[in-house]
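Containing mmCIF, C-alpha atoms: coords-v6.cif.
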data_my_file
#
loop_
_atom_site.label_atom_id
_atom_site.label_comp_id
_atom_site.auth_asym_id
_atom_site.auth_seq_id
_atom_site.Cartn_x
_atom_site.Cartn_y
_atom_site.Cartn_z
CA MET N 277 139.78 168.89 5.31
CA THR N 278 137.17 167.23 7.50
CA HIS N 279 133.46 167.64 7.85
CA SER N 280 133.95 168.89 11.38
CA ASP N 281 135.78 171.92 9.91
CA LEU N 282 132.56 172.78 8.10
CA ASP N 283 130.38 171.91 11.06
CA SER N 284 132.07 174.72 12.94
CA VAL N 285 131.18 177.11 10.13
CA ARG N 286 127.51 176.17 10.41
CA ARG N 287 127.30 176.81 14.14
CA PRO N 288 125.34 179.86 15.36
CA ILE N 289 127.23 183.01 14.47
CA ALA N 290 128.39 183.76 18.01
CA THR N 291 130.49 180.60 18.12
CA ALA N 292 131.03 179.90 14.41
CA HIS N 293 134.34 179.96 12.62
CA GLY N 294 134.75 181.06 9.03
CA LEU N 295 135.62 178.73 6.20
CA PRO N 296 139.04 177.07 6.45
CA ASN N 297 141.98 178.39 4.45
CA ALA N 298 141.76 175.57 1.91
CA HIS N 299 138.53 177.10 0.56
CA TYR N 300 140.59 180.06 -0.62
CA THR N 301 143.89 178.51 -1.58
CA ASP N 302 143.55 174.82 -2.48
CA PRO N 303 143.02 174.00 -6.19
CA ALA N 304 141.25 170.76 -5.23
CA VAL N 305 138.69 172.61 -3.10
CA PHE N 306 138.33 175.23 -5.82
CA ALA N 307 137.40 172.41 -8.22
CA GLU N 308 134.93 170.98 -5.70
CA GLU N 309 133.33 174.39 -5.28
CA ARG N 310 133.05 174.74 -9.03
CA ASP N 311 130.71 171.75 -9.04
CA ALA N 312 129.00 172.21 -5.68
CA LEU N 313 128.49 175.96 -5.63
CA LEU N 314 128.74 177.35 -9.13
CA ALA N 315 127.63 174.67 -11.59
CA ALA N 316 124.87 173.32 -9.35
CA GLU N 317 123.30 176.73 -8.68
CA TRP N 318 122.17 179.69 -10.79
CA ALA N 319 125.49 181.42 -11.41
CA GLY N 320 126.01 184.68 -13.25
CA LEU N 321 127.92 184.39 -16.53
CA GLY N 322 127.70 187.92 -17.89
CA VAL N 323 125.05 190.40 -18.95
CA ALA N 324 122.55 190.31 -21.78
CA ALA N 325 124.01 193.60 -22.99
CA ASP N 326 127.17 191.68 -23.89
CA VAL N 327 125.21 190.48 -26.94
CA PRO N 328 122.96 193.46 -27.74
CA GLU N 329 121.84 192.55 -31.28
CA PRO N 330 120.46 189.37 -32.87
CA GLY N 331 123.36 187.21 -34.03
CA ASP N 332 125.82 188.67 -31.53
CA ALA N 333 128.01 185.96 -30.07
CA ARG N 334 130.50 186.14 -27.21
CA PRO N 335 132.66 183.27 -26.00
CA ILE N 336 132.93 182.92 -22.23
CA ASP N 337 135.51 180.92 -20.31
CA PHE N 338 133.67 180.03 -17.12
CA LEU N 339 135.69 177.93 -14.70
CA GLY N 340 137.60 176.46 -17.61
CA MET N 341 134.41 175.58 -19.47
CA PRO N 342 134.07 177.08 -22.96
CA LEU N 343 130.60 178.61 -23.22
CA LEU N 344 128.97 180.75 -25.87
CA LEU N 345 126.58 183.58 -25.17
CA LEU N 346 124.44 184.08 -28.27
CA ARG N 347 121.43 186.25 -29.06
CA ASP N 348 119.33 184.36 -31.57
CA ARG N 349 117.44 185.75 -34.55
CA ALA N 350 114.31 186.24 -32.44
CA GLY N 351 116.29 188.19 -29.84
CA VAL N 352 116.43 185.46 -27.20
CA VAL N 353 119.72 185.29 -25.30
CA ARG N 354 120.96 181.71 -25.08
CA VAL N 355 123.95 179.95 -23.56
CA PHE N 356 125.56 177.03 -25.37
CA HIS N 357 128.63 174.94 -24.88
CA ASN N 358 131.00 176.56 -27.36
CA ILE N 359 131.79 173.35 -29.21
CA CYS N 360 130.89 171.69 -32.48
CA ARG N 361 129.05 168.38 -32.09
CA HIS N 362 131.34 166.85 -34.72
CA ARG N 363 134.89 166.96 -33.36
CA GLY N 364 134.52 169.27 -30.37
CA MET N 365 136.14 172.24 -32.07
CA ILE N 366 135.70 175.64 -30.43
CA LEU N 367 133.12 177.43 -32.55
CA VAL N 368 133.62 181.09 -31.67
CA ASP N 369 136.93 182.34 -30.32
CA ALA N 370 136.23 186.08 -30.18
CA PRO N 371 133.09 188.24 -29.91
CA ARG N 372 131.44 188.71 -33.29
CA ARG N 373 128.17 188.97 -35.18
CA ILE N 374 126.78 185.78 -36.71
CA GLU N 375 125.19 186.99 -39.93
CA GLY N 376 123.45 183.77 -40.97
CA ALA N 377 124.49 180.36 -39.73
CA LEU N 378 127.22 179.66 -37.20
CA ARG N 379 129.84 177.69 -39.17
CA CYS N 380 132.42 175.56 -37.44
CA PRO N 381 135.81 176.63 -38.76
CA TYR N 382 137.03 173.01 -38.95
CA HIS N 383 134.70 170.99 -41.24
CA SER N 384 132.00 173.67 -41.61
CA TRP N 385 129.12 172.00 -39.83
CA CYS N 386 126.60 174.83 -39.53
CA TYR N 387 124.17 175.74 -36.75
CA SER N 388 121.30 178.20 -36.59
CA THR N 389 121.48 180.84 -33.88
CA GLU N 390 118.85 178.77 -32.04
CA GLY N 391 121.40 175.94 -31.95
CA ARG N 392 119.86 173.68 -34.60
CA LEU N 393 122.30 171.73 -36.79
CA VAL N 394 121.41 172.85 -40.31
CA SER N 395 124.25 171.64 -42.48
CA THR N 396 126.81 168.83 -42.43
CA PRO N 397 128.75 169.38 -45.64
CA HIS N 398 130.28 166.32 -47.30
CA VAL N 399 129.43 164.17 -44.27
CA GLY N 400 128.37 161.32 -46.55
CA GLY N 401 131.30 161.86 -48.94
CA PRO N 402 132.13 164.71 -51.35
CA GLY N 403 128.96 166.59 -52.24
CA GLN N 404 126.77 164.28 -50.14
CA ASN N 405 125.58 166.26 -47.14
CA THR N 406 123.56 163.68 -45.28
CA ALA N 407 124.59 160.33 -43.87
CA THR N 408 123.01 157.46 -42.02
CA GLY N 409 123.58 157.89 -38.31
CA ILE N 410 124.03 161.63 -38.47
CA ASP N 411 120.68 162.70 -37.09
CA ARG N 412 120.69 166.46 -37.13
CA ASP N 413 117.75 166.65 -34.75
CA THR N 414 119.90 165.15 -32.01
CA LEU N 415 123.11 166.98 -32.83
CA GLY N 416 122.26 170.61 -32.20
CA LEU N 417 124.41 172.80 -30.01
CA ILE N 418 124.30 171.77 -26.38
CA GLU N 419 122.30 174.44 -24.61
CA VAL N 420 122.73 175.37 -20.97
CA ARG N 421 119.75 176.48 -18.90
CA SER N 422 119.76 180.23 -18.61
CA HIS N 423 117.58 183.06 -17.39
CA ILE N 424 117.85 186.84 -17.67
CA TRP N 425 117.11 188.96 -14.60
CA MET N 426 118.44 192.37 -13.58
CA GLY N 427 120.26 192.40 -16.90
CA VAL N 428 122.36 189.41 -15.82
CA VAL N 429 122.61 186.11 -17.67
CA TRP N 430 122.16 183.46 -15.00
CA SER N 431 122.97 179.90 -15.85
CA ASN N 432 122.52 176.52 -14.22
CA LEU N 433 125.26 174.35 -15.69
CA SER N 434 124.24 171.15 -13.92
CA GLY N 435 120.73 171.49 -15.34
CA ASP N 436 119.01 170.23 -12.21
CA ALA N 437 118.40 173.32 -10.09
CA ALA N 438 114.83 174.49 -9.56
CA PRO N 439 113.68 176.98 -12.21
CA PHE N 440 115.22 180.42 -11.63
CA VAL N 441 111.93 182.15 -10.79
CA GLU N 442 111.19 179.44 -8.25
CA HIS N 443 114.70 179.34 -6.78
CA HIS N 444 114.83 183.12 -6.39
CA ALA N 445 111.11 183.75 -5.80
CA ASP N 446 111.83 185.55 -2.55
CA LEU N 447 114.37 187.91 -4.09
CA LEU N 448 112.18 188.56 -7.12
CA ALA N 449 109.36 189.50 -4.78
CA ARG N 450 111.60 191.66 -2.61
CA TRP N 451 112.70 193.68 -5.62
CA GLY N 452 109.47 193.35 -7.57
CA GLU N 453 109.24 197.12 -7.82
CA PHE N 454 112.36 197.06 -10.00
CA ASP N 455 110.82 194.62 -12.45
CA HIS N 456 111.09 197.08 -15.32
CA PRO N 457 113.26 197.04 -18.41
CA LEU N 458 116.81 197.90 -17.43
CA HIS N 459 118.84 199.91 -19.90
CA HIS N 460 122.55 199.24 -19.84
CA GLY N 461 124.41 202.55 -19.76
CA GLY N 462 126.70 201.43 -22.60
CA ALA N 463 130.46 201.43 -22.98
CA ASP N 464 130.98 204.09 -20.29
CA SER N 465 128.90 202.10 -17.79
CA CYS N 466 130.91 198.94 -17.47
CA PHE N 467 134.37 198.07 -16.32
CA VAL N 468 136.39 195.08 -15.23
CA LEU N 469 138.51 194.70 -12.12
CA ASP N 470 141.02 191.86 -11.90
CA VAL N 471 141.49 191.07 -8.25
CA ALA N 472 144.00 188.76 -6.58
CA CYS N 473 141.54 187.04 -4.30
CA ASN N 474 139.22 184.08 -4.15
CA TRP N 475 135.76 184.91 -5.50
CA LYS N 476 134.13 184.24 -2.12
CA LEU N 477 136.06 187.05 -0.46
CA ALA N 478 134.45 189.51 -2.87
CA VAL N 479 131.03 188.16 -1.86
CA GLU N 480 131.85 188.25 1.85
CA ASN N 481 133.08 191.83 1.75
CA TYR N 482 130.10 192.98 -0.31
CA CYS N 483 127.59 191.45 2.11
CA GLU N 484 128.33 193.54 5.14
CA SER N 485 128.32 197.20 6.10
CA TYR N 486 130.71 196.73 9.03
CA HIS N 487 133.69 197.84 6.95
CA LEU N 488 132.12 201.00 5.52
CA PRO N 489 133.43 203.57 8.02
CA TRP N 490 136.95 202.23 7.66
CA VAL N 491 137.25 201.35 4.01
CA HIS N 492 134.78 203.80 2.46
CA PRO N 493 135.01 206.91 4.64
CA GLY N 494 133.60 208.97 1.77
CA LEU N 495 130.36 207.04 1.87
CA ASN N 496 130.27 207.20 5.64
CA THR N 497 130.07 210.98 5.66
CA TYR N 498 126.42 210.74 4.70
CA SER N 499 125.61 207.06 4.98
CA ARG N 500 126.66 206.14 8.48
CA LEU N 501 126.89 202.66 9.86
CA GLU N 502 123.71 203.08 11.87
CA ASP N 503 121.80 203.94 8.70
CA HIS N 504 122.33 200.40 7.40
CA TYR N 505 120.43 197.20 7.96
CA HIS N 506 121.16 193.54 7.27
CA ILE N 507 119.44 191.57 4.54
CA GLU N 508 119.41 187.83 5.18
CA ALA N 509 117.62 185.07 3.30
CA THR N 510 118.98 181.67 4.26
CA ASP N 511 120.52 179.66 1.41
CA ARG N 512 119.71 182.28 -1.22
CA TYR N 513 121.14 185.75 -0.65
CA SER N 514 122.39 188.22 1.92
CA GLY N 515 123.53 191.79 1.98
CA GLN N 516 122.85 195.21 3.36
CA GLY N 517 120.53 198.14 2.88
CA THR N 518 120.71 201.83 3.66
CA HIS N 519 118.00 204.30 4.60
CA VAL N 520 119.84 207.36 3.33
CA TYR N 521 120.60 206.93 -0.37
CA ARG N 522 121.31 210.31 -1.93
CA GLN N 523 120.90 210.82 -5.67
CA LEU N 524 123.77 212.00 -7.80
CA THR N 525 123.06 215.47 -9.21
CA GLY N 526 124.62 217.51 -11.99
CA PRO N 527 125.69 221.17 -11.82
CA GLU N 528 122.22 222.24 -12.89
CA ASP N 529 120.52 219.78 -10.57
CA GLN N 530 120.20 217.15 -13.32
CA ARG N 531 119.24 213.72 -12.03
CA PHE N 532 118.61 210.32 -13.51
CA ALA N 533 114.95 209.43 -13.95
CA ASP N 534 113.42 207.17 -11.33
CA PHE N 535 112.09 203.69 -11.99
CA ASP N 536 108.34 203.94 -12.44
CA GLY N 537 106.00 203.15 -9.61
CA LEU N 538 108.45 202.87 -6.72
CA SER N 539 107.00 203.11 -3.23
CA PRO N 540 108.15 206.00 -0.98
CA LYS N 541 110.60 203.71 0.83
CA TRP N 542 112.87 203.91 -2.17
CA ASP N 543 113.10 207.71 -2.06
CA THR N 544 116.02 207.26 0.28
CA ALA N 545 116.61 203.49 0.44
CA ALA N 546 119.13 201.44 -1.49
CA GLU N 547 119.92 197.75 -1.17
CA TYR N 548 123.01 195.69 -1.96
CA ILE N 549 122.58 191.95 -2.21
CA ALA N 550 124.87 189.05 -2.98
CA ALA N 551 122.75 186.49 -4.82
CA TYR N 552 124.56 183.22 -4.16
CA PRO N 553 126.86 182.13 -5.58
CA ASN N 554 128.51 184.91 -7.57
CA VAL N 555 126.35 187.90 -8.45
CA LEU N 556 126.42 191.13 -6.49
CA LEU N 557 123.50 193.47 -7.13
CA GLY N 558 122.58 196.98 -6.10
CA VAL N 559 119.31 198.88 -6.56
CA HIS N 560 118.50 202.55 -6.12
CA ARG N 561 115.57 204.69 -7.19
CA ASP N 562 117.43 205.84 -10.31
CA HIS N 563 119.89 203.12 -11.24
CA ALA N 564 120.98 199.57 -10.57
CA PHE N 565 124.21 197.70 -10.96
CA ALA N 566 125.39 194.14 -11.24
CA ILE N 567 128.80 192.71 -10.47
CA VAL N 568 129.40 189.30 -11.98
CA LEU N 569 132.27 187.50 -10.30
CA THR N 570 134.14 185.14 -12.57
CA PRO N 571 136.46 182.85 -10.61
CA LYS N 572 139.72 182.46 -12.51
CA GLY N 573 141.55 180.37 -9.92
CA PRO N 574 141.71 179.93 -6.14
CA GLY N 575 143.32 183.35 -5.76
CA HIS N 576 142.14 185.25 -8.82
CA THR N 577 138.74 186.72 -9.63
CA GLN N 578 137.51 188.89 -12.45
CA GLU N 579 134.79 191.35 -11.49
CA GLN N 580 132.59 192.61 -14.34
CA ILE N 581 130.66 195.68 -13.26
CA HIS N 582 127.65 196.95 -15.25
CA LEU N 583 125.37 199.91 -14.52
CA PHE N 584 121.75 200.11 -15.64
CA TYR N 585 119.19 202.90 -15.81
CA PRO N 586 115.39 203.17 -16.04
CA GLU N 587 115.64 204.91 -19.42
CA ALA N 588 117.76 204.37 -22.51
CA ASP N 589 118.59 208.05 -22.85
CA THR N 590 120.58 209.39 -19.91
CA ASP N 591 122.85 212.38 -19.35
CA ALA N 592 126.33 211.31 -20.51
CA ASP N 593 128.25 213.43 -17.99
CA LEU N 594 126.12 212.28 -15.09
CA ARG N 595 126.43 208.68 -16.25
CA ALA N 596 130.22 208.97 -16.45
CA ARG N 597 130.32 210.46 -12.94
CA ASN N 598 128.17 207.66 -11.61
CA THR N 599 130.46 205.04 -13.15
CA ALA N 600 133.52 206.81 -11.76
CA GLN N 601 131.95 207.07 -8.32
CA TRP N 602 131.19 203.36 -8.14
CA LYS N 603 134.57 202.47 -9.59
CA ASP N 604 136.24 204.41 -6.78
CA VAL N 605 134.13 202.59 -4.18
CA PHE N 606 134.84 199.15 -5.62
CA LYS N 607 138.54 199.88 -5.98
CA GLU N 608 138.63 200.86 -2.30
CA ASP N 609 137.63 197.27 -1.51
CA ILE N 610 140.51 195.69 -3.41
CA PHE N 611 143.16 196.01 -0.72
CA VAL N 612 140.95 194.27 1.83
CA VAL N 613 139.92 191.32 -0.31
CA GLU N 614 143.50 190.90 -1.54
CA GLY N 615 144.77 191.28 2.03
CA MET N 616 142.37 188.61 3.28
CA GLN N 617 143.51 186.35 0.43
CA ARG N 618 147.15 186.72 1.49
CA GLY N 619 146.03 186.09 5.07
CA ARG N 620 144.55 182.74 4.02
CA HIS N 621 148.11 181.47 3.57
CA ALA N 622 148.77 181.79 7.32
CA PRO N 623 148.61 178.21 8.60
CA ALA N 624 147.55 179.45 12.02
CA PHE N 625 144.38 181.10 10.71
CA ASP N 626 141.38 179.13 11.88
CA GLY N 627 138.75 180.68 9.63
CA GLY N 628 138.32 183.59 11.98
CA ARG N 629 135.29 184.63 13.99
CA PHE N 630 132.29 186.81 13.29
CA SER N 631 130.67 189.78 14.97
CA ALA N 632 127.22 188.54 15.88
CA ALA N 633 125.93 192.10 15.53
CA MET N 634 127.64 193.09 12.30
CA ASP N 635 128.67 190.01 10.31
CA GLY N 636 125.36 188.19 9.97
CA PRO N 637 125.13 188.44 6.17
CA THR N 638 128.72 187.24 5.75
CA HIS N 639 128.23 184.34 8.13
CA MET N 640 125.06 183.41 6.26
CA PHE N 641 127.12 183.06 3.07
CA HIS N 642 129.77 180.98 4.84
CA ALA N 643 127.10 178.72 6.30
CA TRP N 644 125.57 178.27 2.83
CA VAL N 645 128.96 177.35 1.35
CA ALA N 646 129.58 174.88 4.16
CA ALA N 647 126.16 173.27 3.81
CA ARG N 648 126.41 172.94 0.03
CA MET N 649 129.90 171.48 0.26
CA GLN N 650 128.84 168.95 2.89
CA HIS N 651 125.89 167.97 0.72
CA HIS N 652 128.15 167.63 -2.33
CA ARG N 653 130.69 165.50 -0.48
CA ALA N 654 127.97 163.29 0.98
CA GLN N 655 126.60 162.67 -2.51
CA ALA N 656 130.07 161.91 -3.82
CA GLU N 657 130.70 159.45 -0.99
CA ALA N 658 127.34 157.76 -1.54
CA ALA N 659 128.16 157.31 -5.22
CA GLU N 660 131.46 155.55 -4.45
CA MET A 45 139.37 176.71 -64.80
CA LYS A 46 142.86 177.69 -63.71
CA THR A 47 141.75 181.29 -63.46
CA LEU A 48 138.77 180.22 -61.36
CA GLU A 49 140.99 178.15 -59.09
CA ALA A 50 143.29 181.11 -58.59
CA ALA A 51 140.32 183.32 -57.83
CA LEU A 52 139.00 180.79 -55.30
CA LEU A 53 142.37 180.56 -53.57
CA ALA A 54 142.61 184.33 -53.47
CA ALA A 55 139.09 184.58 -52.00
CA HIS A 56 139.94 181.97 -49.35
CA ASP A 57 143.16 183.83 -48.51
CA ALA A 58 141.26 187.10 -48.19
CA GLY A 59 138.38 185.53 -46.26
CA ASP A 60 136.06 187.01 -48.88
CA ARG A 61 133.03 184.78 -48.35
CA HIS A 62 130.78 186.72 -50.68
CA ALA A 63 133.24 186.03 -53.48
CA LEU A 64 133.41 182.38 -52.43
CA VAL A 65 129.65 182.00 -52.86
CA THR A 66 129.87 183.39 -56.38
CA LEU A 67 133.03 181.55 -57.39
CA TYR A 68 131.90 178.15 -56.14
CA GLN A 69 128.63 178.58 -58.02
CA GLN A 70 130.65 179.34 -61.14
CA ALA A 71 132.79 176.27 -60.52
CA ALA A 72 129.64 174.16 -60.22
CA GLU A 73 128.52 175.29 -63.64
CA THR A 74 131.63 173.79 -65.25
CA VAL A 75 131.12 170.23 -63.99
CA SER A 76 128.39 167.69 -63.30
CA GLY A 77 127.40 164.91 -60.89
CA ALA A 78 129.27 164.54 -57.62
CA GLU A 79 131.75 167.24 -58.56
CA ARG A 80 128.91 169.68 -59.18
CA ALA A 81 127.34 168.73 -55.82
CA PHE A 82 130.69 169.36 -54.14
CA PHE A 83 130.97 172.90 -55.48
CA LEU A 84 127.31 173.67 -54.81
CA THR A 85 127.81 172.49 -51.24
CA GLN A 86 130.77 174.80 -50.81
CA ALA A 87 128.74 177.71 -52.17
CA HIS A 88 125.78 176.77 -50.00
CA VAL A 89 127.77 176.66 -46.75
CA PHE A 90 129.28 180.08 -47.25
CA ALA A 91 125.90 181.42 -48.36
CA MET A 92 124.27 180.07 -45.19
CA GLU A 93 126.97 181.61 -43.05
CA LEU A 94 126.37 185.00 -44.65
CA ALA A 95 122.56 184.80 -44.87
CA HIS A 96 123.28 185.33 -48.57
CA PRO A 97 120.21 185.59 -50.81
CA ALA A 98 121.47 182.61 -52.86
CA ALA A 99 121.39 180.25 -49.87
CA GLU A 100 117.80 179.10 -50.31
CA ALA A 101 118.15 178.32 -54.02
CA LEU A 102 121.45 176.53 -53.50
CA ARG A 103 119.90 174.33 -50.85
CA ALA A 104 116.94 173.61 -53.10
CA GLN A 105 119.32 172.47 -55.85
CA LEU A 106 121.15 170.15 -53.48
CA VAL A 107 117.88 168.75 -52.14
CA GLU A 108 116.72 168.11 -55.71
CA MET A 109 119.99 166.27 -56.38
CA GLY A 110 119.41 164.09 -53.28
CA ARG A 111 122.43 165.63 -51.61
CA GLU A 112 120.80 167.60 -48.81
CA GLU A 113 117.72 167.76 -46.59
CA PRO A 114 115.20 170.58 -46.67
CA LEU A 115 115.39 172.96 -43.72
#
Show the structure stored in the file as structure tokens.
Amino acid sequence: MTHSDLDSVRRPIATAHGLPNAHYTDPAVFAEERDALLAAEWAGLGVAADVPEPGDARPIDFLGMPLLLLRDRAGVVRVFHNICRHRGMILVDAPRRIEGALRCPYHSWCYSTEGRLVSTPHVGGPGQNTATGIDRDTLGLIEVRSHIWMGVVWSNLSGDAAPFVEHHADLLARWGEFDHPLHHGGADSCFVLDVACNWKLAVENYCESYHLPWVHPGLNTYSRLEDHYHIEATDRYSGQGTHVYRQLTGPEDQRFADFDGLSPKWDTAAEYIAAYPNVLLGVHRDHAFAIVLTPKGPGHTQEQIHLFYPEADTDADLRARNTAQWKDVFKEDIFVVEGMQRGRHAPAFDGGRFSAAMDGPTHMFHAWVAARMQHHRAQAEAAE
Amino acid sequence: MKTLEAALLAAHDAGDRHALVTLYQQAAETVSGAERAFFLTQAHVFAMELAHPAAEALRAQLVEMGREEPL
């Protein structure tokens, strides 16, 4: 792997190559990307609806890091490292409700749901629960920066990214009309797809509309290729939009309610954006969805799909149909992302080329990956 | 005390934390000094975990004994 490989990715789209195979197959590059692309940015971990009630706790394995999603007593969703400050024991190993304090199962050090260390039993000897040197104010759970937007729990593991609302100011403004409470559709509005591909291939495929007529012919019957437009915001997000979104209707013309206050554009528009690094979002007049990509290895990704509505109370049959419809669409993509993953084991593959007319959003993502990786490697070299 | 010990072991085996709060408080009543603080601590931890109504009073006792800090 040389920097010139990545220089070719960053060239103008007409002459650029895609990322080299190693970015999809090499465990060492996967580890580099974990730091450079996922930990250093605002990555999606899950959704706030994963912990719907105060005290709800859900362990998350993100890139091998044990994290804990926890809704505190006041209702604030927080992300912690899922470890006790005493001996590093995993605190929560399955989703559950924390009724009072979070007690470590090893020596029973206890934490409030806000992460404060509130008890250190017998730490000074039997029955003596304080000790010199054990300063509870400095030994709370280690919290990770997080932010909730579009129902997604975004987290900056490195702790040094710009604040979320600053980092994604452009996207928040673009979709400002959807800045309303989102209601998760519940158990029938989420599903998981385990896909044998690198997480970036899921992003790349989601970004572009070029594949729609071939991979999603059902969509193409009403939403043709020429009805789509590119969405490109350098270093932040890219995707596609359509001018001909058609609402799902029930047998008696039932429809989901619209988000309040949308401008006429959204009567027929819908947009699908990959917010770098790993969250795929879609908005429509009557629902939204989020796909959180959890990288499990160079060639394995878990896709968590969640659907949201403007109102808490929605028609169950219509909701189930909407989930099924999107599930069919996303499953149609599996053979291509898995096929591209297998293709990355061909030594002769040079990263491929892009259609300057159709692949702009995908190339923008590649160029972002290449730039971030070059920056990361330069920093690592400077530190040596 | 043997009956209490058996009850405590049974409560631990069953994961019955409500019973543990009660039983450890009972154990504390049978002893004094450090041993009493030990049992009160056990009761207090399980009470905190459960948001049990006895948690506050148990902590207050331990604080009074110089064994714990106020919240």
In the coordinate frame of the file, compute which residues have an atom within 7 Å of (126.3, 199.7, -14.8) when using all atoms listed in the file, and state them as a PDB file with C-alpha atoms, in the frame of the given file.
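File result.pdb, as written:
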ATOM      1  CA  HIS N 460     122.550 199.240 -19.840  1.00  0.00           C
ATOM      2  CA  GLY N 461     124.410 202.550 -19.760  1.00  0.00           C
ATOM      3  CA  SER N 465     128.900 202.100 -17.790  1.00  0.00           C
ATOM      4  CA  CYS N 466     130.910 198.940 -17.470  1.00  0.00           C
ATOM      5  CA  ALA N 564     120.980 199.570 -10.570  1.00  0.00           C
ATOM      6  CA  PHE N 565     124.210 197.700 -10.960  1.00  0.00           C
ATOM      7  CA  ALA N 566     125.390 194.140 -11.240  1.00  0.00           C
ATOM      8  CA  ILE N 581     130.660 195.680 -13.260  1.00  0.00           C
ATOM      9  CA  HIS N 582     127.650 196.950 -15.250  1.00  0.00           C
ATOM     10  CA  LEU N 583     125.370 199.910 -14.520  1.00  0.00           C
ATOM     11  CA  PHE N 584     121.750 200.110 -15.640  1.00  0.00           C
ATOM     12  CA  THR N 599     130.460 205.040 -13.150  1.00  0.00           C
TER      13      THR N 599
END
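Nearest to Asp626 in chain N of all the residues N:Leu282, N:Cys360, N:Ala533, N:Leu313 is N:Leu282, counting all atoms listed in the file.
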- [ ] Run through the PyMOL selection byres ((chain A) within 7 of (chain N)) on the given coordinates and return the selected residues as a PyMOL selection string.
- [x] chain A and resi 78-79+81-82+85+92-95+111-112+115
Open item on the list: Show me, as a ChimeraX atom specification, the residues that have an atom within 9 Å of Glu390 in chain N when counting only C-alpha atoms, minus same-chain residues fewer than 4 positions from it.
Closed with: /N:346-350,352,354,416-417
Restrict the selected residues to C-alpha atoms and save them as a compact mmCIF listing (two decimals), in the frame of the given file.
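In the end it all went to selection-v1.txt:
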# COMPACT_ATOMS: atom_id res chain seq x y z
CA LEU N 346 124.44 184.08 -28.27
CA ARG N 347 121.43 186.25 -29.06
CA ASP N 348 119.33 184.36 -31.57
CA ARG N 349 117.44 185.75 -34.55
CA ALA N 350 114.31 186.24 -32.44
CA VAL N 352 116.43 185.46 -27.20
CA ARG N 354 120.96 181.71 -25.08
CA GLY N 416 122.26 170.61 -32.20
CA LEU N 417 124.41 172.80 -30.01
Task: Contacts of Thr47 in chain A within 12 Å, only C-alpha atoms, excl. fewer than 6 positions in-chain, as a list in words - done: Leu53, Ala54, Leu67, Gln70 and Ala71 of chain A
TODO: Please write as number ranges by chain the full residue list that the PyMOL selection byres ((chain N and resi 502-507) around 9) yields on this file.
DONE: N: 483-485, 499-501, 508-509, 513-520, 547-549, 634-637
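Using only C-alpha atoms for every distance, the candidate list N:His383, N:His576, N:Arg561, N:Arg372 yields N:Arg561 as the residue closest to Asp536 in chain N.
Applied to the file shown here, the PyMOL selection byres ((chain N and resi 328) around 12) selects Val323, Ala324, Ala325, Asp326, Val327, Glu329, Pro330, Gly331, Asp332, Ala333, Arg334, Leu345, Leu346, Arg347, Asp348, Arg349, Gly351, Val352, Val353, Pro371, Arg372, Arg373, Gly427, His459, His460, Gly462 and Ala463 of chain N.
Note that the spacing between CA of Leu343 in chain N and CA of His357 in chain N amounts to 4.5 Å.
The interatomic distance for the pair CA of Glu308 in chain N and CA of Met649 in chain N works out to 7.8 Å.
If you look at CA of Thr525 in chain N and CA of Leu495 in chain N, they are 15.7 Å away from each other.
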Open item on the list: Under the rule that all atoms listed in the file are counted, which of N:Asn474, N:Gln523, N:Gln650, N:Asn598 is the nearest residue to Asn554 in chain N?
Closed with: N:Asn474
TODO: Go through N:Ala472, N:Ile359, N:Ala656, N:Leu433 one by one, measure the shortest atom-to-atom distance of each to Leu339 in chain N using all atoms listed in the file, and give the residue with the smallest value.
DONE: N:Leu433
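Across N:Gly558, N:Gly628, N:Pro571, N:Pro540, the tightest approach to Met616 in chain N is made by N:Gly628 when counting all atoms listed in the file.
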Box for range 583-597 of chain N: with edges along x, y and z, all listed atoms inside and 6 Å added on each side, what are the centre and edge lengths in Å to one decimal, as JSON?
{"center_x": 122.9, "center_y": 206.7, "center_z": -17.9, "size_x": 26.9, "size_y": 25.5, "size_z": 21.9}
Task: Pick from N:Asp593, N:Asp411, N:Glu608, N:Glu453 nearest to His560 in chain N, counting only C-alpha atoms - done: N:Glu453
Open item on the list: Quick one: residues within 8 Å of Phe90 in chain A, all atoms listed in the file, excluding same-chain residues fewer than 5 positions away - as a PyMOL selection string?
Closed with: chain A and resi 61-62+64-65
Working from the structure I just supplied, which lacks atoms in range 523-527 of chain N, can you model N, CA and C atoms there and output them as a JSON list (two decimals), keeping the file's coordinate frame?
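For reference, part.json as written:
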[["chain", "number", "residue", "atom", "x", "y", "z"],
["N", 523, "GLN", "N", 120.72, 210.84, -4.20],
["N", 523, "GLN", "CA", 120.90, 210.82, -5.67],
["N", 523, "GLN", "C", 122.10, 211.66, -6.09],
["N", 524, "LEU", "N", 122.73, 211.21, -7.16],
["N", 524, "LEU", "CA", 123.77, 212.00, -7.80],
["N", 524, "LEU", "C", 123.09, 213.13, -8.57],
["N", 525, "THR", "N", 123.64, 214.34, -8.47],
["N", 525, "THR", "CA", 123.06, 215.47, -9.21],
["N", 525, "THR", "C", 124.13, 216.16, -10.02],
["N", 526, "GLY", "N", 123.72, 216.75, -11.14],
["N", 526, "GLY", "CA", 124.62, 217.51, -11.99],
["N", 526, "GLY", "C", 124.68, 218.95, -11.56],
["N", 527, "PRO", "N", 125.53, 219.77, -12.22],
["N", 527, "PRO", "CA", 125.69, 221.17, -11.82],
["N", 527, "PRO", "C", 124.40, 221.98, -11.92]]
